[in-house]
file input13.pdb (PDB, C-alpha atoms (C1' of nucleotides))
ATOM      1  CA  MET A   1      20.767  12.760   2.342
ATOM      2  CA  ARG A   2      18.757  12.662  -0.842
ATOM      3  CA  PHE A   3      15.007  13.271  -0.939
ATOM      4  CA  GLY A   4      12.749  11.850  -3.594
ATOM      5  CA  TYR A   5       9.171  11.168  -4.650
ATOM      6  CA  PRO A   6       7.511   8.335  -6.552
ATOM      7  CA  CYS A   7       6.810   7.877 -10.221
ATOM      8  CA  ILE A   8       4.905  10.926 -11.399
ATOM      9  CA  ASN A   9       5.347  14.658 -11.498
ATOM     10  CA  LEU A  10       2.184  16.720 -11.233
ATOM     11  CA  THR A  11       3.837  20.027 -12.128
ATOM     12  CA  ILE A  12       4.933  19.042 -15.613
ATOM     13  CA  LYS A  13       1.660  18.488 -17.436
ATOM     14  CA  ASN A  14       1.132  15.289 -19.406
ATOM     15  CA  GLN A  15       4.691  14.276 -18.835
ATOM     16  CA  HIS A  16       4.239  11.145 -16.831
ATOM     17  CA  PRO A  17       4.228   7.553 -18.005
ATOM     18  CA  SER A  18       1.100   6.494 -19.809
ATOM     19  CA  THR A  19      -0.154   3.043 -20.555
ATOM     20  CA  PHE A  20      -3.070   1.548 -22.451
ATOM     21  CA  ARG A  21      -5.469  -1.377 -22.272
ATOM     22  CA  LEU A  22      -4.307  -4.856 -23.140
ATOM     23  CA  LYS A  23      -6.971  -5.041 -25.842
ATOM     24  CA  SER A  24      -5.548  -1.969 -27.550
ATOM     25  CA  TYR A  25      -2.104  -3.519 -27.726
ATOM     26  CA  SER A  26      -0.285  -3.206 -31.007
ATOM     27  CA  GLU A  27       3.397  -2.994 -31.800
ATOM     28  CA  LYS A  28       2.874   0.584 -32.954
ATOM     29  CA  ARG A  29       0.984   1.602 -29.827
ATOM     30  CA  PHE A  30       3.594  -0.063 -27.652
ATOM     31  CA  THR A  31       6.555   1.535 -29.371
ATOM     32  CA  GLU A  32       5.017   5.002 -29.392
ATOM     33  CA  THR A  33       4.106   4.748 -25.718
ATOM     34  CA  VAL A  34       7.561   3.611 -24.660
ATOM     35  CA  GLU A  35       9.194   6.313 -26.741
ATOM     36  CA  ASN A  36       7.054   8.952 -25.035
ATOM     37  CA  ASN A  37       7.501   7.486 -21.578
ATOM     38  CA  LEU A  38      11.288   7.540 -21.908
ATOM     39  CA  LYS A  39      11.214  11.124 -23.117
ATOM     40  CA  HIS A  40       9.012  12.080 -20.174
ATOM     41  CA  LEU A  41      11.201  10.234 -17.712
ATOM     42  CA  LEU A  42      14.195  12.253 -18.836
ATOM     43  CA  SER A  43      12.265  15.496 -18.555
ATOM     44  CA  ILE A  44      11.162  14.644 -14.993
ATOM     45  CA  LEU A  45      14.772  13.869 -14.086
ATOM     46  CA  ASN A  46      15.745  17.249 -15.528
ATOM     47  CA  PHE A  47      13.042  18.967 -13.496
ATOM     48  CA  ASN A  48      14.294  17.157 -10.395
ATOM     49  CA  LYS A  49      17.875  18.173 -10.983
ATOM     50  CA  ARG A  50      16.916  21.814 -11.444
ATOM     51  CA  ASN A  51      15.128  21.575  -8.100
ATOM     52  CA  ASP A  52      17.821  19.681  -6.172
ATOM     53  CA  ILE A  53      15.840  16.462  -6.036
ATOM     54  CA  TYR A  54      18.301  13.600  -6.431
ATOM     55  CA  PHE A  55      16.127  10.585  -5.682
ATOM     56  CA  PHE A  56      13.299   9.271  -7.847
ATOM     57  CA  ARG A  57      11.193   6.138  -8.118
ATOM     58  CA  ILE A  58      10.761   5.162 -11.757
ATOM     59  CA  SER A  59       7.263   4.005 -12.689
ATOM     60  CA  SER A  60       6.762   0.339 -13.546
ATOM     61  CA  ASP A  61       4.570   1.557 -16.416
ATOM     62  CA  VAL A  62       7.511   2.884 -18.444
ATOM     63  CA  ILE A  63       7.388  -0.303 -20.500
ATOM     64  CA  PRO A  64       3.707  -1.369 -20.559
ATOM     65  CA  PHE A  65       3.032  -5.120 -20.538
ATOM     66  CA  ALA A  66       6.760  -5.772 -20.403
ATOM     67  CA  SER A  67       6.317  -9.108 -18.641
ATOM     68  CA  HIS A  68       3.123 -10.070 -20.448
ATOM     69  CA  PRO A  69       3.325 -12.725 -23.197
ATOM     70  CA  ILE A  70       1.702 -10.296 -25.635
ATOM     71  CA  CYS A  71       4.814  -8.131 -25.633
ATOM     72  CA  ASP A  72       7.243  -9.466 -28.196
ATOM     73  CA  VAL A  73       9.143  -6.263 -28.925
ATOM     74  CA  ASP A  74      12.804  -6.392 -27.946
ATOM     75  CA  TRP A  75      12.452  -3.003 -26.255
ATOM     76  CA  SER A  76      15.854  -2.929 -24.585
ATOM     77  CA  GLU A  77      17.412  -3.225 -28.056
ATOM     78  CA  VAL A  78      14.972  -0.884 -29.835
ATOM     79  CA  PHE A  79      15.469   1.846 -27.218
ATOM     80  CA  LYS A  80      19.079   1.087 -26.426
ATOM     81  CA  VAL A  81      20.279   4.624 -27.143
ATOM     82  CA  GLU A  82      17.501   6.363 -25.169
ATOM     83  CA  LEU A  83      17.903   4.048 -22.190
ATOM     84  CA  LYS A  84      21.620   4.601 -22.107
ATOM     85  CA  GLU A  85      21.136   8.358 -22.354
ATOM     86  CA  ILE A  86      18.798   8.336 -19.344
ATOM     87  CA  GLY A  87      21.244   6.127 -17.460
ATOM     88  CA  ASN A  88      24.087   8.509 -18.241
ATOM     89  CA  PHE A  89      22.081  11.450 -16.991
ATOM     90  CA  ILE A  90      21.330   9.600 -13.754
ATOM     91  CA  SER A  91      24.928   8.535 -13.183
ATOM     92  CA  LYS A  92      26.503  11.825 -14.210
ATOM     93  CA  ASN A  93      24.337  13.766 -11.758
ATOM     94  CA  ASN A  94      24.680  11.292  -8.891
ATOM     95  CA  ILE A  95      20.931  10.661  -8.915
ATOM     96  CA  ARG A  96      19.536   7.659  -7.039
ATOM     97  CA  VAL A  97      16.678   5.790  -8.693
ATOM     98  CA  SER A  98      14.576   2.884  -7.552
ATOM     99  CA  MET A  99      11.509   0.988  -8.741
ATOM    100  CA  HIS A 100       8.556  -0.528  -6.929
ATOM    101  CA  PRO A 101       6.669  -3.275  -8.786
ATOM    102  CA  ASP A 102       3.020  -3.485  -7.804
ATOM    103  CA  GLN A 103       1.213  -5.836  -5.466
ATOM    104  CA  PHE A 104       1.116  -8.720  -7.904
ATOM    105  CA  VAL A 105       4.718  -9.631  -7.221
ATOM    106  CA  ILE A 106       4.437 -12.362  -4.589
ATOM    107  CA  LEU A 107       7.609 -14.413  -4.286
ATOM    108  CA  ASN A 108       6.223 -16.638  -1.528
ATOM    109  CA  SER A 109       2.905 -17.445  -3.203
ATOM    110  CA  LYS A 110       1.479 -20.937  -2.883
ATOM    111  CA  SER A 111       0.870 -20.932  -6.616
ATOM    112  CA  GLU A 112       3.850 -21.793  -8.778
ATOM    113  CA  ASP A 113       2.382 -19.726 -11.605
ATOM    114  CA  ILE A 114       2.169 -16.609  -9.464
ATOM    115  CA  VAL A 115       5.785 -17.077  -8.385
ATOM    116  CA  LYS A 116       6.802 -17.587 -12.008
ATOM    117  CA  ASN A 117       4.971 -14.458 -13.166
ATOM    118  CA  SER A 118       6.386 -12.503 -10.239
ATOM    119  CA  ILE A 119       9.901 -13.435 -11.309
ATOM    120  CA  LYS A 120       9.169 -12.378 -14.891
ATOM    121  CA  GLU A 121       7.962  -9.029 -13.600
ATOM    122  CA  LEU A 122      11.097  -8.637 -11.481
ATOM    123  CA  GLN A 123      13.261  -9.566 -14.454
ATOM    124  CA  TYR A 124      11.625  -6.790 -16.448
ATOM    125  CA  HIS A 125      12.440  -4.230 -13.749
ATOM    126  CA  CYS A 126      16.002  -5.507 -13.560
ATOM    127  CA  LYS A 127      16.426  -5.391 -17.321
ATOM    128  CA  LEU A 128      15.244  -1.795 -17.441
ATOM    129  CA  LEU A 129      17.801  -0.713 -14.822
ATOM    130  CA  ASP A 130      20.479  -2.864 -16.459
ATOM    131  CA  SER A 131      19.767  -1.237 -19.832
ATOM    132  CA  MET A 132      20.438   2.122 -18.213
ATOM    133  CA  MET A 133      23.774   0.696 -17.065
ATOM    134  CA  LEU A 134      22.964   1.530 -13.460
ATOM    135  CA  PRO A 135      24.848  -0.069 -10.558
ATOM    136  CA  SER A 136      23.282  -2.384  -7.959
ATOM    137  CA  SER A 137      22.364   0.622  -5.797
ATOM    138  CA  ALA A 138      19.423   1.185  -8.197
ATOM    139  CA  LYS A 139      16.978  -0.961  -6.254
ATOM    140  CA  ILE A 140      13.768  -2.865  -6.911
ATOM    141  CA  GLN A 141      11.557  -2.643  -3.859
ATOM    142  CA  ILE A 142       8.984  -5.336  -3.039
ATOM    143  CA  HIS A 143       6.838  -6.527  -0.173
ATOM    144  CA  VAL A 144       7.475  -9.927   1.387
ATOM    145  CA  GLY A 145       4.087 -11.218   0.224
ATOM    146  CA  GLY A 146       1.246 -13.231   1.727
ATOM    147  CA  VAL A 147       1.074 -14.883   5.155
ATOM    148  CA  TYR A 148      -1.393 -17.665   4.338
ATOM    149  CA  GLY A 149      -2.139 -18.304   7.988
ATOM    150  CA  ASP A 150       1.421 -19.388   8.876
ATOM    151  CA  LYS A 151       3.943 -16.597   8.892
ATOM    152  CA  SER A 152       7.024 -18.651   9.712
ATOM    153  CA  LYS A 153       6.319 -20.993   6.806
ATOM    154  CA  ALA A 154       5.575 -18.033   4.545
ATOM    155  CA  LYS A 155       8.912 -16.464   5.498
ATOM    156  CA  LYS A 156      10.721 -19.730   4.757
ATOM    157  CA  ASP A 157       9.033 -19.899   1.371
ATOM    158  CA  PHE A 158      10.183 -16.374   0.605
ATOM    159  CA  ILE A 159      13.738 -17.203   1.672
ATOM    160  CA  ASN A 160      13.876 -20.426  -0.352
ATOM    161  CA  ASN A 161      12.413 -18.892  -3.477
ATOM    162  CA  PHE A 162      14.634 -15.846  -3.231
ATOM    163  CA  ASN A 163      17.784 -17.922  -2.759
ATOM    164  CA  LYS A 164      16.987 -20.596  -5.331
ATOM    165  CA  LEU A 165      14.985 -19.016  -8.123
ATOM    166  CA  LEU A 166      16.545 -15.619  -8.795
ATOM    167  CA  GLU A 167      19.636 -14.822 -10.847
ATOM    168  CA  GLU A 168      22.502 -13.084  -9.043
ATOM    169  CA  GLY A 169      22.094  -9.819 -10.949
ATOM    170  CA  LEU A 170      18.441  -9.622  -9.958
ATOM    171  CA  LYS A 171      19.089 -10.571  -6.329
ATOM    172  CA  ARG A 172      21.538  -7.706  -6.014
ATOM    173  CA  ARG A 173      18.820  -5.207  -6.882
ATOM    174  CA  ILE A 174      16.003  -6.476  -4.673
ATOM    175  CA  VAL A 175      15.107  -4.882  -1.368
ATOM    176  CA  ILE A 176      12.144  -5.743   0.870
ATOM    177  CA  GLU A 177       9.908  -3.284   2.667
ATOM    178  CA  ASN A 178       8.232  -3.684   6.060
ATOM    179  CA  ASP A 179       4.471  -3.394   5.607
ATOM    180  CA  ASP A 180       1.640  -2.130   7.793
ATOM    181  CA  ARG A 181      -0.137  -5.365   8.705
ATOM    182  CA  SER A 182       1.813  -8.536   7.909
ATOM    183  CA  TYR A 183       5.599  -8.231   7.894
ATOM    184  CA  SER A 184       7.223  -5.969  10.477
ATOM    185  CA  LEU A 185      10.771  -4.668  10.448
ATOM    186  CA  GLN A 186      11.765  -7.591  12.683
ATOM    187  CA  ASP A 187      10.252 -10.073  10.200
ATOM    188  CA  CYS A 188      12.270  -8.414   7.437
ATOM    189  CA  LEU A 189      15.433  -8.611   9.551
ATOM    190  CA  ASP A 190      14.834 -12.362  10.004
ATOM    191  CA  ILE A 191      14.602 -12.702   6.227
ATOM    192  CA  ASN A 192      17.699 -10.545   5.771
ATOM    193  CA  LEU A 193      19.718 -12.975   7.902
ATOM    194  CA  GLU A 194      18.925 -15.846   5.542
ATOM    195  CA  THR A 195      19.090 -14.015   2.226
ATOM    196  CA  GLY A 196      21.186 -10.879   2.682
ATOM    197  CA  VAL A 197      18.386  -8.833   1.118
ATOM    198  CA  PRO A 198      18.499  -5.213   2.362
ATOM    199  CA  ILE A 199      15.438  -3.634   3.968
ATOM    200  CA  VAL A 200      13.669  -0.444   2.987
ATOM    201  CA  PHE A 201      12.448   0.946   6.297
ATOM    202  CA  ASP A 202       8.952   2.363   5.910
ATOM    203  CA  THR A 203       8.543   4.566   8.955
ATOM    204  CA  PHE A 204       4.784   4.966   8.505
ATOM    205  CA  HIS A 205       4.185   1.229   8.229
ATOM    206  CA  HIS A 206       6.410   0.814  11.262
ATOM    207  CA  THR A 207       4.067   2.922  13.359
ATOM    208  CA  CYS A 208       1.209   0.640  12.252
ATOM    209  CA  LEU A 209       3.113  -2.609  12.923
ATOM    210  CA  ASN A 210       6.241  -2.980  15.078
ATOM    211  CA  ASN A 211       7.826  -5.029  17.838
ATOM    212  CA  GLY A 212       8.198  -2.310  20.441
ATOM    213  CA  GLU A 213      11.769  -1.344  19.533
ATOM    214  CA  THR A 214      12.808   2.296  19.928
ATOM    215  CA  PHE A 215      12.933   4.354  16.769
ATOM    216  CA  GLN A 216      16.707   4.702  16.980
ATOM    217  CA  GLN A 217      17.078   0.934  17.464
ATOM    218  CA  ALA A 218      14.933   0.395  14.385
ATOM    219  CA  LEU A 219      17.026   2.827  12.329
ATOM    220  CA  SER A 220      20.267   1.227  13.391
ATOM    221  CA  SER A 221      19.150  -2.361  12.738
ATOM    222  CA  PHE A 222      17.615  -1.643   9.344
ATOM    223  CA  ALA A 223      20.730   0.235   8.174
ATOM    224  CA  LYS A 224      22.896  -2.785   8.984
ATOM    225  CA  SER A 225      21.033  -4.782   6.346
ATOM    226  CA  TRP A 226      22.708  -2.623   3.651
ATOM    227  CA  ASN A 227      26.220  -3.149   2.358
ATOM    228  CA  TYR A 228      27.939   0.112   1.597
ATOM    229  CA  PRO A 229      28.825   1.155  -1.058
ATOM    230  CA  THR A 230      27.509  -1.671  -3.266
ATOM    231  CA  ASP A 231      23.891  -1.300  -2.098
ATOM    232  CA  GLY A 232      24.080   2.499  -1.896
ATOM    233  CA  ASN A 233      22.688   4.503   1.003
ATOM    234  CA  PRO A 234      19.992   2.742   3.061
ATOM    235  CA  ILE A 235      16.548   3.828   1.870
ATOM    236  CA  ILE A 236      13.695   5.058   4.035
ATOM    237  CA  ASP A 237      10.106   5.408   2.883
ATOM    238  CA  TYR A 238       8.522   8.299   4.712
ATOM    239  CA  SER A 239       4.845   9.163   4.958
ATOM    240  CA  SER A 240       2.332  10.124   7.599
ATOM    241  CA  GLN A 241      -1.255   9.307   8.430
ATOM    242  CA  SER A 242      -3.962  10.944   6.339
ATOM    243  CA  ILE A 243      -5.894  12.808   9.030
ATOM    244  CA  GLY A 244      -9.426  11.575   9.591
ATOM    245  CA  GLU A 245      -8.989   8.628   7.238
ATOM    246  CA  ARG A 246      -8.594   4.920   7.794
ATOM    247  CA  LYS A 247      -5.450   3.926   9.673
ATOM    248  CA  GLY A 248      -2.650   3.250   7.223
ATOM    249  CA  LYS A 249      -3.800   5.667   4.529
ATOM    250  CA  HIS A 250      -1.014   7.924   3.236
ATOM    251  CA  ALA A 251      -1.179  11.671   3.730
ATOM    252  CA  GLN A 252      -2.299  13.917   0.911
ATOM    253  CA  THR A 253       0.380  16.480   1.636
ATOM    254  CA  LEU A 254       3.446  16.795   3.838
ATOM    255  CA  ASP A 255       2.754  17.090   7.575
ATOM    256  CA  LYS A 256       5.385  19.740   8.299
ATOM    257  CA  SER A 257       5.911  19.324  12.021
ATOM    258  CA  HIS A 258       5.842  15.526  11.798
ATOM    259  CA  PHE A 259       8.355  15.616   8.995
ATOM    260  CA  ILE A 260      10.778  17.918  10.813
ATOM    261  CA  CYS A 261      10.557  15.734  13.877
ATOM    262  CA  MET A 262      11.373  12.632  11.827
ATOM    263  CA  TYR A 263      14.123  14.405   9.931
ATOM    264  CA  LYS A 264      15.855  15.153  13.224
ATOM    265  CA  GLU A 265      15.602  11.480  14.151
ATOM    266  CA  PHE A 266      17.191  10.538  10.821
ATOM    267  CA  LYS A 267      19.985  13.040  11.380
ATOM    268  CA  ASN A 268      20.617  11.740  14.887
ATOM    269  CA  ALA A 269      20.889   8.154  13.766
ATOM    270  CA  ILE A 270      24.400   6.879  13.649
ATOM    271  CA  ILE A 271      24.512   4.821  10.534
ATOM    272  CA  GLU A 272      27.723   2.887  10.974
ATOM    273  CA  GLY A 273      29.771   2.497   7.838
ATOM    274  CA  HIS A 274      27.302   4.472   5.728
ATOM    275  CA  ALA A 275      27.576   7.876   4.178
ATOM    276  CA  ASP A 276      23.939   8.811   4.702
ATOM    277  CA  LEU A 277      20.301   7.848   4.224
ATOM    278  CA  ASP A 278      18.096   8.424   1.177
ATOM    279  CA  ILE A 279      14.482   9.350   1.916
ATOM    280  CA  MET A 280      11.537   8.567  -0.365
ATOM    281  CA  LEU A 281       8.580  10.817   0.418
ATOM    282  CA  GLU A 282       5.466   8.750  -0.251
ATOM    283  CA  ILE A 283       3.046  11.643  -0.284
ATOM    284  CA  LYS A 284       0.145  11.917  -2.672
ATOM    285  CA  ASP A 285       1.025  15.367  -3.960
ATOM    286  CA  LYS A 286       4.457  14.137  -5.060
ATOM    287  CA  GLU A 287       7.078  16.744  -5.981
ATOM    288  CA  LYS A 288       5.136  19.487  -4.221
ATOM    289  CA  SER A 289       5.869  17.908  -0.841
ATOM    290  CA  ALA A 290       9.419  17.006  -1.860
ATOM    291  CA  LEU A 291      10.130  20.653  -2.685
ATOM    292  CA  LEU A 292       8.536  21.778   0.554
ATOM    293  CA  ALA A 293      10.651  19.293   2.528
ATOM    294  CA  LEU A 294      13.860  20.569   0.928
ATOM    295  CA  LYS A 295      12.889  24.160   1.600
ATOM    296  CA  MET A 296      12.189  23.460   5.263
ATOM    297  CA  ILE A 297      15.489  21.666   5.756
ATOM    298  CA  LYS A 298      17.418  24.548   4.245
ATOM    299  CA  GLY A 299      15.683  26.843   6.720
ATOM    300  CA  LEU A 300      16.804  24.831   9.754
TER
ATOM    301  C1'  DG B   1     -14.841  17.253 -23.876
ATOM    302  C1'  DG B   2     -16.484  15.381 -19.639
ATOM    303  C1'  DC B   3     -18.256  11.202 -17.193
ATOM    304  C1'  DC B   4     -17.335   6.935 -15.159
ATOM    305  C1'  DG B   5     -16.878   1.696 -15.451
ATOM    306  C1'  DT B   6     -13.149  -0.722 -15.716
ATOM    307  C1'  DC B   7      -8.326  -2.119 -16.070
ATOM    308  C1'  DA B   8      -3.103  -8.379 -16.574
ATOM    309  C1'  DA B   9      -1.858  -9.758 -12.327
ATOM    310  C1'  DG B  10      -2.730 -11.039  -5.303
ATOM    311  C1'  DA B  11      -3.693 -10.770  -0.464
ATOM    312  C1'  DC B  12      -6.145  -9.327   3.272
ATOM    313  C1'  DG B  13      -9.255  -6.998   6.482
ATOM    314  C1'  DA B  14     -13.612  -4.679   6.756
ATOM    315  C1'  DT B  15     -18.377  -4.770   5.609
TER
ATOM    316  C1'  DA C   1     -19.321 -12.694  -1.091
ATOM    317  C1'  DT C   2     -17.866  -8.188  -2.371
ATOM    318  C1'  DC C   3     -15.332  -4.005  -1.676
ATOM    319  C1'  DG C   4     -11.374  -0.990  -0.664
ATOM    320  C1'  DT C   5      -6.617  -0.696   0.043
ATOM    321  C1'  DC C   6      -1.794  -1.229  -0.966
ATOM    322  C1'  DT C   7       0.135   0.617  -5.680
ATOM    323  C1'  DT C   8       1.165   5.377  -9.753
ATOM    324  C1'  DG C   9      -4.718   6.657 -11.299
ATOM    325  C1'  DA C  10      -6.077   6.934 -15.631
ATOM    326  C1'  DC C  11      -7.724   4.500 -20.181
ATOM    327  C1'  DG C  12     -11.095   4.795 -23.375
ATOM    328  C1'  DG C  13     -15.923   3.902 -24.647
ATOM    329  C1'  DC C  14     -19.728   6.495 -24.372
ATOM    330  C1'  DC C  15     -22.783  10.390 -24.198
TER
END

call {"tool": "encode", "arguments": {"input": "input13.pdb", "output": "structure tokens"}}
result
Amino acid sequence: MRFGYPCINLTIKNQHPSTFRLKSYSEKRFTETVENNLKHLLSILNFNKRNDIYFFRISSDVIPFASHPICDVDWSEVFKVELKEIGNFISKNNIRVSMHPDQFVILNSKSEDIVKNSIKELQYHCKLLDSMMLPSSAKIQIHVGGVYGDKSKAKKDFINNFNKLLEEGLKRRIVIENDDRSYSLQDCLDINLETGVPIVFDTFHHTCLNNGETFQQALSSFAKSWNYPTDGNPIIDYSSQSIGERKGKHAQTLDKSHFICMYKEFKNAIIEGHADLDIMLEIKDKEKSALLALKMIKGL
DNA sequence: GGCCGTCAAGACGAT
DNA sequence: ATCGTCTTGACGGCC
């Protein structure tokens, strides 16, 4: 079981991906930023390895404006050597990486332009992972999208667009995540049946929106959406409620007793045909909570 | 060197 | 109608 955290490391100062405003775009600015971001990515991966963290979500900001028309630099060629070096480090150390494009990726949008731009954004993520020579277990995680007042139609639109509009290489990397107010685990399972797309099981979202299944039933059904070993270990997003805040808001730091309780559930789950689960800790204080989680598990 | 309005992009619920 | 949230806060103009 690997444990990971998303995108930035707060311990290593000024070593996380930076971006800039569209109006300050220049080839020089772009190239310098990417060069730095790649260097920082490698140093975060080194930090993680030293601390036994073998799962990491790579920031979508590594290549700023990658899917924007303004970007005409052939970055995968310019940074071929660096990208391959990072990929080698990841593969050599058996690290799992994933990416999570932001909310603007809507594959089932009613607007053709939004779908088109979403695909461009996904292609960028895919190209980055491809350039690192990573296998299809390096996933790109997205939400299903909008509901538009008719969920069954919206699901069909997702299924059709996924099946018809995406290249095979891209399809193999995509995974969908259950969310906290529109698409439950069961909705994702319905989509999985028609597309084969694996499901990232977000346990926190599941407590906000579910269909009354037991936790063990949920774990077992989500894991079946993954093909092992081509998809890698099934991925879980873990978080807990930020106390005293609006329902659905992620915790600032790891809730120790809640985490241990969930960890035991993960351990008890019989994941048929799979080696293990990989757990992404979606906690605001990032590596701090990841390190704490590892320490607590060792103490069990 | 710190403050804070704003940032490429969507959807949705709360106010 | 506008704001906050999801997401990865943080860029950068201004004082």

call {"tool": "residues_around", "arguments": {"input": "input13.pdb", "residues": "A:Asp231", "least_positions_apart": "3", "cutoff": "12 Å", "atoms": "all atoms listed in the file", "output": "PyMOL selection string"}}
result
chain A and resi 96+98+134-140+171-175+196-200+223-228+234-235+274-275+277-278

call {"tool": "resolve_selection", "arguments": {"input": "input13.pdb", "expression": "the PyMOL selection byres ((chain A) within 8 of (chain C))", "output": "list of chain:residue names"}}
result
A:Pro6, A:Cys7, A:Ile8, A:Thr19, A:Phe20, A:Arg21, A:Ser59, A:Asp102, A:Gln103

call {"tool": "interface_residues", "arguments": {"input": "input13.pdb", "of": "chain A", "to": "chain B", "cutoff": "10 Å", "atoms": "all atoms listed in the file", "output": "NGL selection string"}}
result
:A and (20-22 or 65 or 67-68 or 102-106 or 109 or 114 or 117-118 or 121 or 145-148 or 181-182)

call {"tool": "atom_distance", "arguments": {"input": "input13.pdb", "atom1": "atom CA of A:Glu265", "atom2": "atom CA of A:His250"}}
result
20.2 Å

call {"tool": "atom_distance", "arguments": {"input": "input13.pdb", "atom1": "atom CA of A:Arg57", "atom2": "atom CA of A:His100"}}
result
7.3 Å

call {"tool": "atom_distance", "arguments": {"input": "input13.pdb", "atom1": "atom CA of A:Gly248", "atom2": "atom CA of A:Ile159"}}
result
26.8 Å

call {"tool": "residues_around", "arguments": {"input": "input13.pdb", "residues": "A:Tyr25", "least_positions_apart": "4", "cutoff": "12 Å", "atoms": "all atoms listed in the file", "output": "number ranges by chain"}}
result
A: 19-21, 29-33, 64-66, 68-73

call {"tool": "residues_near_point", "arguments": {"input": "input13.pdb", "point": "(18.4, 0.8, -22.6)", "cutoff": "10 Å", "atoms": "all atoms listed in the file", "output": "ChimeraX atom specification"}}
result
/A:38,75-87,127-133

call {"tool": "decode", "arguments": {"input": "input13.pdb", "residues": "stretch 1-13 of chain B", "atoms": "N, CA and C atoms (P, O5', C5', C4', C3', O3' and C1' of nucleotides)", "output": "short mmCIF file (atom, residue, chain, number, x, y, z; two decimals), in the first residue's frame"}}
result
data_model
loop_
_atom_site.label_atom_id
_atom_site.label_comp_id
_atom_site.auth_asym_id
_atom_site.auth_seq_id
_atom_site.Cartn_x
_atom_site.Cartn_y
_atom_site.Cartn_z
P DG B 1 13.53 42.67 2.10
"O5'" DG B 1 11.95 42.82 2.15
"C5'" DG B 1 11.29 43.42 3.25
"C4'" DG B 1 9.83 43.41 2.94
"C3'" DG B 1 9.27 42.03 2.51
"O3'" DG B 1 7.96 41.94 3.04
"C1'" DG B 1 8.64 43.59 0.97
P DG B 2 7.63 40.90 4.19
"O5'" DG B 2 6.17 41.37 4.67
"C5'" DG B 2 5.95 42.73 5.00
"C4'" DG B 2 4.66 43.20 4.35
"C3'" DG B 2 3.56 42.15 4.26
"O3'" DG B 2 2.35 42.78 4.63
"C1'" DG B 2 3.90 43.10 2.15
P DC B 3 1.03 41.96 4.97
"O5'" DC B 3 -0.04 42.71 4.06
"C5'" DC B 3 0.01 44.13 3.93
"C4'" DC B 3 -0.90 44.54 2.78
"C3'" DC B 3 -2.17 43.70 2.66
"O3'" DC B 3 -3.25 44.58 2.41
"C1'" DC B 3 -0.99 43.65 0.60
P DC B 4 -4.75 44.08 2.65
"O5'" DC B 4 -5.16 43.68 1.15
"C5'" DC B 4 -5.27 44.69 0.14
"C4'" DC B 4 -5.50 44.01 -1.21
"C3'" DC B 4 -6.61 42.94 -1.19
"O3'" DC B 4 -7.33 43.04 -2.40
"C1'" DC B 4 -4.66 42.02 -2.05
P DG B 5 -8.85 43.50 -2.36
"O5'" DG B 5 -9.15 43.67 -3.92
"C5'" DG B 5 -8.47 44.66 -4.68
"C4'" DG B 5 -8.15 44.12 -6.05
"C3'" DG B 5 -9.28 43.37 -6.75
"O3'" DG B 5 -9.22 43.70 -8.15
"C1'" DG B 5 -7.42 41.93 -6.54
P DT B 6 -10.32 43.21 -9.14
"O5'" DT B 6 -9.63 41.95 -9.84
"C5'" DT B 6 -8.44 42.17 -10.59
"C4'" DT B 6 -7.73 40.85 -10.79
"C3'" DT B 6 -8.53 39.81 -11.58
"O3'" DT B 6 -7.91 39.72 -12.85
"C1'" DT B 6 -7.33 38.85 -9.75
P DC B 7 -8.67 38.99 -14.03
"O5'" DC B 7 -7.82 37.64 -14.24
"C5'" DC B 7 -6.42 37.73 -14.51
"C4'" DC B 7 -5.77 36.42 -14.12
"C3'" DC B 7 -6.32 35.18 -14.85
"O3'" DC B 7 -5.24 34.48 -15.44
"C1'" DC B 7 -6.18 34.81 -12.52
P DA B 8 -5.07 34.74 -17.01
"O5'" DA B 8 -6.01 33.61 -17.62
"C5'" DA B 8 -5.92 33.35 -19.03
"C4'" DA B 8 -7.26 32.96 -19.58
"C3'" DA B 8 -8.38 32.76 -18.57
"O3'" DA B 8 -9.62 32.91 -19.27
"C1'" DA B 8 -7.67 30.65 -19.39
P DA B 9 -11.04 32.72 -18.48
"O5'" DA B 9 -11.46 31.21 -18.73
"C5'" DA B 9 -11.79 30.76 -20.03
"C4'" DA B 9 -12.04 29.27 -19.99
"C3'" DA B 9 -13.07 28.89 -18.92
"O3'" DA B 9 -14.05 28.06 -19.50
"C1'" DA B 9 -11.09 27.60 -18.69
P DG B 10 -15.54 28.24 -19.03
"O5'" DG B 10 -15.72 26.91 -18.16
"C5'" DG B 10 -15.63 25.65 -18.78
"C4'" DG B 10 -16.56 24.69 -18.07
"C3'" DG B 10 -18.03 25.13 -18.05
"O3'" DG B 10 -18.81 23.96 -18.11
"C1'" DG B 10 -17.20 25.10 -15.84
P DA B 11 -20.41 24.02 -18.07
"O5'" DA B 11 -20.72 23.67 -16.55
"C5'" DA B 11 -20.32 22.40 -16.07
"C4'" DA B 11 -20.79 22.20 -14.65
"C3'" DA B 11 -22.25 22.57 -14.41
"O3'" DA B 11 -22.83 21.46 -13.77
"C1'" DA B 11 -20.86 23.67 -12.84
P DC B 12 -24.39 21.43 -13.47
"O5'" DC B 12 -24.43 21.85 -11.94
"C5'" DC B 12 -23.66 21.11 -11.01
"C4'" DC B 12 -23.73 21.83 -9.67
"C3'" DC B 12 -25.15 22.33 -9.35
"O3'" DC B 12 -25.50 21.86 -8.09
"C1'" DC B 12 -23.55 24.02 -9.01
P DG B 13 -27.05 21.76 -7.65
"O5'" DG B 13 -26.96 22.15 -6.11
"C5'" DG B 13 -25.83 21.78 -5.33
"C4'" DG B 13 -25.58 22.85 -4.28
"C3'" DG B 13 -26.84 23.40 -3.63
"O3'" DG B 13 -26.59 23.49 -2.24
"C1'" DG B 13 -25.58 25.17 -4.54
#
